[in-house]
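Below you'll find the structure, written out as structure tokens, and then a few comments.
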Amino acid sequence: MFFRDECIPASNIRLIQWFKLDEFQPERAVTSSFVSTRTLLLLRIPLVMYTAIVFWFDFGNSIATGEFHHFFAYFTRFTFVGLHAYMITTLYHHIRYILIRQPRCPASFLDQPAILNYLYVLLYHTVITFNILTPAVYWSLLSGTLINKADVTSLDWWLGVSVHAITFFIMMFEVMMSRMLLKLRLVILVFLIVVCYMMLTFIIYGTEGWWVYSFLDWTQGPSAAIWYIAVATMVVLCFFLQVGLHALRDCCGRRRRLNGEDDDERTEQGDAIPSKTVDLANEDKRYYSQTLVESNIESHITLGPFSTDHLSS
């Protein structure tokens with residue numbers, strides 16, 4: 001299976017370059033080392049539908065219980081909405097990728113403003129980090145409100161498990177089945193987002209006299225400072241745990257591709273092995289810049305010379 005894995009156009013902004021946001025290879029978001037791109041799309045569709053159902057039930061339940069004014073006060077909601085936004089965005093680009101006739105290219109990524117690609121990359125890094133952090137903190141410190149309360153409804157249980165547990169497995173599916181890369185320097189932005197949320201909890205306390213999470217209550221004295229440091233440390237640890245998981249995934253993917261190439265060589269030599277279904281989507285090995293891409297939706301898209309610029313470095 002051949003992937004071009006070309007970067008989006010290079011940015012002239014030094015900060016973007018330093019964080020390597022312009023090194024995003026969009027084809028990695030819509031392809032897999034383990035299944036065909038069509039199979040990956042079919043697997044993603046029910047997951048997107050599930051996150052959409054959970055979001056709207058949670059949204060409606062917060063209105064029905066009079067808690068809508070606190071809907072975005074919880075870090076869990078930011079985490080879940082981020083995951084849902086990532087899933088919907090990826091599904092859109094994946095469908096556009098499938099609809100393009102051979103040879104395929106991620107034209108929807110390449111045609112949109114660069115800022116959207118940079119935000120997409122940052123969103124991915126937050127999703128894979130926060131969906132480890134949130135379940136870990138919730139089930140170790142906060143789950144007593146769900147487990148021990150007698151008046152918890154079935155809906156509360158389902159929503160609680162969905163946003164604090166099932167989201168972890170959806171995130172892990174995306175990590176293991178896609179081919180997205182991590183940029184180590186983005187740990188700084190991910191960390192700063194958590195710091196900004198902590199500052200938001202102070203604003204909420206200042207306006208309402210209510211701490212979103214009890215362990216963040218600064219009136220506890222030194223113990224509160226320890227919790228702040230512990231959460232900040234967990235953010236970094238979760239990020240680098242994902243670095244290891246991505247390395248493991250890529251290692252398994254390389255081995256699978258090498259095994260596939262060995263099988264191809266054996267086939268050419270006349271060995272009797274079962275024939276494989278070949279994905280011809282990327283049979284044409286020219287770069288995007290050398291290819292006139294014909295789309296099922298639009299007539300023709302000509303991609304500029306930027307797509308091979310990174311190969312000279």
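Residue numbers start at 1 in each chain; chains themselves are named A, B, ... in the order of the structure tokens; ligands are numbered from 1 in the order shown.
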Worksheet item: What are the DSSP helix (DSSP H, G or I) residues of segment 151-273 of chain A, as a ChimeraX atom specification?
Response: /A:154-177,184-208,214-216,218-220,222-268
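In this model, the gap between atom CA of Thr79 of chain A and atom CA of Trp210 of chain A comes to 20.9 Å.
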Sorted by chain and rising residue number, list the residues of segment 170-221 of chain A at most 12 Å from segment 120-131 of chain A (counting only C-alpha atoms), each with its closest atom pair and distance in Å to one decimal, as a tab-separated table.
residue	atom	partner	partner_atom	distance
A:Ile170	CA	A:Asn131	CA	9.1
A:Met171	CA	A:Ile128	CA	6.2
A:Met172	CA	A:Ile128	CA	7.7
A:Phe173	CA	A:Ile128	CA	10.4
A:Glu174	CA	A:Ile128	CA	8.7
A:Val175	CA	A:Ile128	CA	7.4
A:Met176	CA	A:Ile128	CA	11.0
A:Ser178	CA	A:Tyr124	CA	11.4
A:Arg179	CA	A:Tyr124	CA	11.8
A:Met180	CA	A:Tyr124	CA	8.5
A:Leu181	CA	A:Val121	CA	9.1
A:Leu182	CA	A:His125	CA	7.1
A:Lys183	CA	A:His125	CA	8.4
A:Leu184	CA	A:His125	CA	9.7
A:Arg185	CA	A:His125	CA	10.6
A:Leu186	CA	A:Leu122	CA	7.3
A:Val187	CA	A:His125	CA	8.0
A:Ile188	CA	A:His125	CA	10.7
A:Leu189	CA	A:Leu122	CA	8.0
A:Val190	CA	A:Thr126	CA	5.9
A:Phe191	CA	A:Thr126	CA	9.1
A:Leu192	CA	A:Thr126	CA	10.8
A:Ile193	CA	A:Thr126	CA	8.6
A:Val194	CA	A:Phe130	CA	9.1
Save out the residues we just selected, N, CA and C atoms, as a CSV table (one decimal), in the first residue's frame.
chain,number,residue,atom,x,y,z
A,170,ILE,N,-12.6,5.2,22.1
A,170,ILE,CA,-12.8,5.8,20.8
A,170,ILE,C,-11.5,6.5,20.5
A,171,MET,N,-10.9,7.2,21.4
A,171,MET,CA,-9.6,7.9,21.2
A,171,MET,C,-8.5,6.9,20.8
A,172,MET,N,-8.5,5.8,21.5
A,172,MET,CA,-7.5,4.7,21.2
A,172,MET,C,-7.7,4.1,19.9
A,173,PHE,N,-8.9,4.0,19.4
A,173,PHE,CA,-9.2,3.5,18.1
A,173,PHE,C,-8.5,4.5,17.1
A,174,GLU,N,-8.7,5.8,17.3
A,174,GLU,CA,-8.2,6.7,16.3
A,174,GLU,C,-6.7,6.7,16.3
A,175,VAL,N,-6.1,6.5,17.5
A,175,VAL,CA,-4.6,6.5,17.6
A,175,VAL,C,-4.1,5.3,16.9
A,176,MET,N,-4.6,4.1,17.1
A,176,MET,CA,-4.1,2.9,16.6
A,176,MET,C,-4.4,2.7,15.1
A,178,SER,N,-5.4,5.2,12.7
A,178,SER,CA,-4.9,6.2,11.8
A,178,SER,C,-3.4,6.2,11.7
A,179,ARG,N,-2.8,7.1,11.0
A,179,ARG,CA,-1.4,7.2,10.9
A,179,ARG,C,-0.8,8.6,11.3
A,180,MET,N,-1.6,9.3,12.1
A,180,MET,CA,-1.2,10.7,12.5
A,180,MET,C,0.1,10.6,13.3
A,181,LEU,N,0.9,11.7,13.2
A,181,LEU,CA,2.1,11.8,13.9
A,181,LEU,C,2.0,12.9,15.0
A,182,LEU,N,2.9,12.7,16.0
A,182,LEU,CA,2.9,13.6,17.1
A,182,LEU,C,4.1,14.6,16.9
A,183,LYS,N,3.9,15.8,17.3
A,183,LYS,CA,5.0,16.8,17.3
A,183,LYS,C,5.3,17.1,18.8
A,184,LEU,N,6.5,16.8,19.2
A,184,LEU,CA,6.8,16.8,20.6
A,184,LEU,C,6.7,18.2,21.2
A,185,ARG,N,7.0,19.3,20.4
A,185,ARG,CA,6.9,20.6,20.9
A,185,ARG,C,5.5,21.1,21.2
A,186,LEU,N,4.5,20.4,20.7
A,186,LEU,CA,3.1,20.8,20.9
A,186,LEU,C,2.7,20.4,22.4
A,187,VAL,N,3.5,19.7,23.1
A,187,VAL,CA,3.2,19.4,24.5
A,187,VAL,C,3.1,20.8,25.3
A,188,ILE,N,3.8,21.8,24.8
A,188,ILE,CA,3.7,23.1,25.4
A,188,ILE,C,2.4,23.7,25.3
A,189,LEU,N,1.8,23.6,24.1
A,189,LEU,CA,0.4,24.2,23.9
A,189,LEU,C,-0.6,23.4,24.6
A,190,VAL,N,-0.5,22.1,24.6
A,190,VAL,CA,-1.4,21.2,25.3
A,190,VAL,C,-1.4,21.5,26.8
A,191,PHE,N,-0.2,21.7,27.4
A,191,PHE,CA,0.0,22.1,28.8
A,191,PHE,C,-0.7,23.4,29.1
A,192,LEU,N,-0.4,24.4,28.2
A,192,LEU,CA,-1.0,25.8,28.4
A,192,LEU,C,-2.5,25.8,28.3
A,193,ILE,N,-3.1,24.9,27.5
A,193,ILE,CA,-4.6,24.8,27.5
A,193,ILE,C,-5.1,24.4,28.9
A,194,VAL,N,-4.4,23.4,29.5
A,194,VAL,CA,-4.8,23.0,30.8
A,194,VAL,C,-4.7,24.1,31.8
Worksheet entry | Spatial neighbours of segment 196-200 of chain A, 10 Å, only C-alpha atoms, chain gap at least 6 places, as a ChimeraX atom specification | /A:73-75,78,206,212,216,228,232
Write out the residues from the selection above, keeping N, CA, C and O atoms, as a CSV table (one decimal), in the first residue's frame.
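The file below, selection16.csv, is the result:
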chain,number,residue,atom,x,y,z
A,73,ALA,N,-18.4,24.4,32.2
A,73,ALA,CA,-17.5,24.6,33.3
A,73,ALA,C,-16.6,23.4,33.6
A,73,ALA,O,-15.5,23.6,34.1
A,74,TYR,N,-17.1,22.3,33.1
A,74,TYR,CA,-16.4,21.0,33.4
A,74,TYR,C,-15.4,20.7,32.3
A,74,TYR,O,-15.6,20.8,31.1
A,75,PHE,N,-14.2,20.3,32.7
A,75,PHE,CA,-13.1,19.9,31.8
A,75,PHE,C,-13.6,18.7,31.0
A,75,PHE,O,-13.2,18.6,29.8
A,78,PHE,N,-15.2,19.9,27.8
A,78,PHE,CA,-14.3,20.3,26.8
A,78,PHE,C,-13.6,19.2,26.1
A,78,PHE,O,-13.4,19.2,24.9
A,206,GLY,N,-14.7,33.0,41.5
A,206,GLY,CA,-14.8,34.4,41.8
A,206,GLY,C,-16.2,34.9,41.5
A,206,GLY,O,-16.6,35.8,42.2
A,212,VAL,N,-15.4,24.1,40.6
A,212,VAL,CA,-15.9,23.0,39.7
A,212,VAL,C,-15.5,21.7,40.2
A,212,VAL,O,-16.3,20.7,40.2
A,216,LEU,N,-9.5,21.2,43.5
A,216,LEU,CA,-8.9,22.4,43.0
A,216,LEU,C,-9.2,23.6,44.0
A,216,LEU,O,-8.7,24.7,43.8
A,228,TYR,N,-2.7,20.7,42.1
A,228,TYR,CA,-2.4,21.4,40.8
A,228,TYR,C,-1.2,20.9,40.1
A,228,TYR,O,-1.1,20.7,38.9
A,232,ALA,N,-0.9,18.9,36.5
A,232,ALA,CA,0.0,19.4,35.5
A,232,ALA,C,1.0,18.3,35.1
A,232,ALA,O,1.3,18.2,33.9
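Near segment 21-29 of chain A, within 7 Å and counting only C-alpha atoms, sit Asp5, Glu6, Cys7, Ile8, Pro9, Ala10, Ser11, Ile16, Gln17, Pro106, Phe109, Tyr118, Val121, Ser178, Arg179 and Met180 of chain A; same-chain residues fewer than 3 positions away were not included.
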Any chance you can output those residues with N, CA, C and O atoms as a short mmCIF file (atom, residue, chain, number, x, y, z; two decimals), in the first residue's frame?
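Final output, out-v5.cif:
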data_model
loop_
_atom_site.label_atom_id
_atom_site.label_comp_id
_atom_site.auth_asym_id
_atom_site.auth_seq_id
_atom_site.Cartn_x
_atom_site.Cartn_y
_atom_site.Cartn_z
N ASP A 5 2.05 10.87 1.63
CA ASP A 5 2.44 11.51 2.89
C ASP A 5 3.19 12.83 2.67
O ASP A 5 4.25 13.08 3.27
N GLU A 6 2.65 13.68 1.82
CA GLU A 6 3.25 14.99 1.59
C GLU A 6 2.71 16.00 2.60
O GLU A 6 1.57 15.90 3.05
N CYS A 7 3.53 16.96 2.91
CA CYS A 7 3.14 17.99 3.88
C CYS A 7 2.27 19.07 3.23
O CYS A 7 2.29 19.25 2.02
N ILE A 8 1.54 19.76 4.06
CA ILE A 8 0.81 20.94 3.60
C ILE A 8 1.83 22.04 3.29
O ILE A 8 3.00 21.91 3.64
N PRO A 9 1.42 23.13 2.63
CA PRO A 9 2.37 24.19 2.30
C PRO A 9 3.08 24.73 3.53
O PRO A 9 2.49 24.87 4.60
N ALA A 10 4.36 25.01 3.38
CA ALA A 10 5.16 25.56 4.48
C ALA A 10 4.68 26.96 4.83
O ALA A 10 4.27 27.73 3.96
N SER A 11 4.74 27.28 6.11
CA SER A 11 4.32 28.59 6.59
C SER A 11 5.52 29.54 6.67
O SER A 11 6.66 29.11 6.87
N ILE A 16 4.78 29.08 13.80
CA ILE A 16 4.18 27.89 13.18
C ILE A 16 5.27 26.89 12.81
O ILE A 16 5.12 25.68 13.03
N GLN A 17 6.35 27.39 12.26
CA GLN A 17 7.45 26.52 11.88
C GLN A 17 8.07 25.85 13.10
O GLN A 17 8.42 24.67 13.07
N PRO A 106 -5.68 14.12 -0.42
CA PRO A 106 -6.50 14.81 0.58
C PRO A 106 -6.78 16.25 0.18
O PRO A 106 -6.37 17.20 0.85
N PHE A 109 -8.19 18.93 2.65
CA PHE A 109 -7.21 19.54 3.56
C PHE A 109 -6.38 20.59 2.83
O PHE A 109 -6.13 21.68 3.35
N TYR A 118 -3.73 23.82 10.93
CA TYR A 118 -2.96 23.96 12.18
C TYR A 118 -3.83 23.64 13.39
O TYR A 118 -3.39 22.95 14.32
N VAL A 121 -4.40 19.86 13.73
CA VAL A 121 -3.26 19.17 14.33
C VAL A 121 -3.24 19.38 15.84
O VAL A 121 -3.05 18.43 16.62
N SER A 178 -5.38 5.17 12.72
CA SER A 178 -4.93 6.20 11.78
C SER A 178 -3.40 6.18 11.73
O SER A 178 -2.75 5.33 12.34
N ARG A 179 -2.83 7.15 11.04
CA ARG A 179 -1.37 7.22 10.91
C ARG A 179 -0.85 8.60 11.31
O ARG A 179 0.23 9.01 10.88
N MET A 180 -1.61 9.31 12.13
CA MET A 180 -1.21 10.66 12.54
C MET A 180 0.10 10.63 13.33
O MET A 180 0.38 9.69 14.07
#
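Distances to Arg249 of chain A were evaluated for A:Ser32, A:Thr201, A:Thr65, A:Asn12 using only C-alpha atoms, and the minimum falls at A:Ser32.
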Worksheet item: By how many Å are atom CA of Phe34 of chain A and atom CA of His164 of chain A apart?
Response: 27.4 Å
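The residue that comes closest to Gln242 of chain A, out of A:Ile132, A:Leu141, A:Thr37, A:Ile147 and on the basis of only C-alpha atoms, is A:Ile132.
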Item to complete: List the neighbours of Thr39 of chain A out to 12 Å using only C-alpha atoms; skip same-chain residues closer than 4 positions along the sequence, and give me the result as a PyMOL selection string.
Response: chain A and resi 30-35+43-45+94-95+98+177-178+279
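Across the model, the gap from atom CA of Trp139 of chain A to atom CA of Val235 of chain A is 16.0 Å.
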